Amino acid sequence: MMANKEMNNLLDDIMIEYIANAPVSELMAEYKLTSDEIQTTQARLLHRVKECKQQYKKARLTEARVKLEAEKRRYEDVDVEGFLAKLGKDAKDVLIGLFIQNKLPENLTVAHREGKEYTDDDAKQIIANLIAMGVIDVDDKSN
């Protein structure tokens with residue numbers, strides 16, 4: 001029985017290929033089709049292909065959004081204090097270490113503070129932002 005199914009699938013594939021490669025005039029003569037019927041069938045096929053393409057794009061977009069939300073949740077719940085305690089460093093030391101190791105993004109800029117020094121809270125916020133951006137891996141102990 002399995003051989004019959006495989007044989008039918010093979011014959012279907014051969015027929016589809018034959019029809020796809022056949023000249024339109026030959027198909028019209030063989031199947032007694034009018035050009036209006038061919039155009040209608042062609043329009044239906046193109047419409048269905050367009051629908052499938054749109055469904056595929058929507059599915060990919062939905063999947064990407066789900067992954068993005070999962071990543072956001074992963075980094076939103078990070079305890080910066082706990083992360084720093086685990087490293088045994090304060091926030092400024094972590095930032096200096098990342099700078100020295102060239103692990104900070106090249107396009108990273110920090111606002112001018114009009115001569116004021118960054119506080120540890122400022123440094124913690126920068127670390128939280130870097131974690132949220134994925135620059136700092138909270139599971140990596142080399143930070």
# chains A, B, ... in the order shown; residues from 1 in each chain; ligands from 1
$ select_by_dssp --residues "stretch 74-142 of chain A" --states "helix (DSSP H, G or I)" --output "ChimeraX atom specification"
/A:74-76,80-87,91-100,120-133
$ residues_around --residues "A:Arg74" --least-positions-apart "5" --cutoff "12 Å" --atoms "only C-alpha atoms" --output "list in words"
Lys67, Leu68, Glu69, Asp79, Ile131, Ala132, Met133, Gly134, Asp137, Val138 and Asp139 of chain A
$ closest_residue --among "A:Ala70, A:Leu108, A:Ala59, A:Ile127" --to "A:Asp93" --atoms "only C-alpha atoms"
A:Ile127
$ residues_around --residues "stretch 102-104 of chain A" --least-positions-apart "3" --cutoff "12 Å" --atoms "only C-alpha atoms" --output "ChimeraX atom specification"
/A:94-99,107-110,126-127,129-131,133-137,142-143
$ write_last_selection --atoms "C-alpha atoms" --output "PDB file, in the first residue's frame"
ATOM      1  CA  VAL A  94      32.616  47.173  36.356  1.00  0.00           C
ATOM      2  CA  LEU A  95      32.261  50.019  33.850  1.00  0.00           C
ATOM      3  CA  ILE A  96      35.989  50.798  34.000  1.00  0.00           C
ATOM      4  CA  GLY A  97      36.761  47.106  33.485  1.00  0.00           C
ATOM      5  CA  LEU A  98      34.451  46.936  30.465  1.00  0.00           C
ATOM      6  CA  PHE A  99      36.079  50.075  29.055  1.00  0.00           C
ATOM      7  CA  ASN A 107      28.837  54.101  19.580  1.00  0.00           C
ATOM      8  CA  LEU A 108      28.168  54.335  23.323  1.00  0.00           C
ATOM      9  CA  THR A 109      27.955  57.904  24.541  1.00  0.00           C
ATOM     10  CA  VAL A 110      27.384  59.263  28.017  1.00  0.00           C
ATOM     11  CA  ILE A 126      24.313  52.521  32.943  1.00  0.00           C
ATOM     12  CA  ILE A 127      24.977  48.881  33.848  1.00  0.00           C
ATOM     13  CA  ASN A 129      20.952  49.740  30.437  1.00  0.00           C
ATOM     14  CA  LEU A 130      23.914  47.728  29.135  1.00  0.00           C
ATOM     15  CA  ILE A 131      22.342  44.555  30.488  1.00  0.00           C
ATOM     16  CA  MET A 133      20.883  46.059  25.525  1.00  0.00           C
ATOM     17  CA  GLY A 134      22.562  42.664  25.835  1.00  0.00           C
ATOM     18  CA  VAL A 135      26.073  44.155  26.082  1.00  0.00           C
ATOM     19  CA  ILE A 136      26.610  42.648  29.519  1.00  0.00           C
ATOM     20  CA  ASP A 137      25.792  38.982  29.977  1.00  0.00           C
ATOM     21  CA  SER A 142      34.430  37.745  33.522  1.00  0.00           C
ATOM     22  CA  ASN A 143      32.720  41.160  33.739  1.00  0.00           C
TER      23      ASN A 143
END
$ closest_residue --among "A:Glu17, A:Leu45, A:Tyr118, A:Ala128" --to "A:Glu76" --atoms "only C-alpha atoms"
A:Ala128
